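> Quick one: the structure is below, and I'll ask about it shortly.
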Amino acid sequence: MANVVKQRVSAEVEGDFVVFLIGMRINKPWKAWKWLPVFMAMPRMLAELERRPDSGFLGANQYFANPLRPMVVQYWRSFEHLEAYARDRDSEHWPAWVAFNRKVGSNGDVGIWHETYVVPAGNYETIYNNMPPHGLGRFTRLIHATGRRSTAAGRAGRSSADGAEPGA
């Protein structure tokens, strides 16, 4: 288990970055032959990306709060890196995408979705307290949440306030 950081810290990222949310929805659980290949494709893609430091992939967190709707939060250096991976015919993504469209398409058995957020430099806010490195902070640099970074507005680049923000 990761070590708990026993202080308020915030993630620091140089430049723009991308947050990519991707998930699936198992609409017909009894049709495992339709959804299982979709479910199994993501771990292969993530393993491939972790082996390719030049891909622009910073890291990912997987969430299984609902067994019928797993989701992954990915962090990327740029939209261009994300798109290059998605279109790379030699990557794990391309054959998985082709297979999904051939076997499932729009028949309603399995839903897939993604949302992409391009985050301009300095236009984000994170706080972690008594946590092991988590979320964006797991894949970037953690810094003390003091001074300007002691408030949510300060961390988001909206204010230079120096006061402590209770419960932030």
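Here's how to read the names in the structure tokens: chain A, B, ... by the order shown, residue numbers from 1 in each chain, ligand numbers from 1 in the order shown.
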Would you list the contacts of range 14-22 of chain A as a list of chain:residue names, taking every protein, DNA or RNA residue within 8 Å and counting only C-alpha atoms, but skipping same-chain residues closer than 6 positions in sequence?
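So, after excluding close chain neighbours, the residues are A:Met71, A:Val72, A:Val73, A:Gln74, A:Tyr75, A:Trp76, A:Arg77, A:Ser78, A:Phe79, A:Ile112, A:Trp113, A:His114, A:Glu115, A:Thr116, A:Tyr117, A:Val118, A:Val119, A:Pro120, A:Ala121, A:Gly122.
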> Using only C-alpha atoms, pick whichever of A:Gly111, A:Gly137, A:Gly154, A:Pro43 has the shortest atom-to-atom distance to Ser10 in chain A.
A:Gly137
> Enumerate, as a PyMOL selection string, the complete set of residues in chain A that a backbone-based DSSP assignment places in strand (DSSP E or B).
chain A and resi 5-12+17-26+57-63+71-76+110-119+128-131+141-144
> Within 7 Å of range 156-158 of chain A, counting only C-alpha atoms, which residues show up once you throw out same-chain ones fewer than 3 positions away? Write them as an NGL selection string, please.
:A and (122-125 or 152-153)
> Contacts of range 93-110 of chain A at 6 Å or less, counting only C-alpha atoms, minus same-chain residues fewer than 2 places along, as a PDB file with C-alpha atoms, in the first residue's frame?

ATOM      1  CA  ARG A  25     -21.889   0.493 -19.568  1.00  0.00           C
ATOM      2  CA  ILE A  26     -22.918  -3.138 -19.593  1.00  0.00           C
ATOM      3  CA  ASN A  27     -26.500  -2.903 -20.809  1.00  0.00           C
ATOM      4  CA  LYS A  28     -27.090  -6.647 -21.148  1.00  0.00           C
ATOM      5  CA  TRP A  35     -18.985  -6.870 -23.121  1.00  0.00           C
ATOM      6  CA  ARG A  89      -2.852   1.220 -36.067  1.00  0.00           C
ATOM      7  CA  SER A  91      -1.356   0.096 -30.808  1.00  0.00           C
TER       8      SER A  91
END
> Determine the nearest neighbour of Ala11 in chain A from the options A:Asp54, A:Thr151, A:Arg138, A:Thr146, counting only C-alpha atoms.
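For Ala11 in chain A, the nearest of the candidates is A:Arg138.
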> Among range 62-103 of chain A, which residues carry a DSSP assignment of helix (DSSP H, G or I), reported as a ChimeraX atom specification?
/A:79-87,93-103
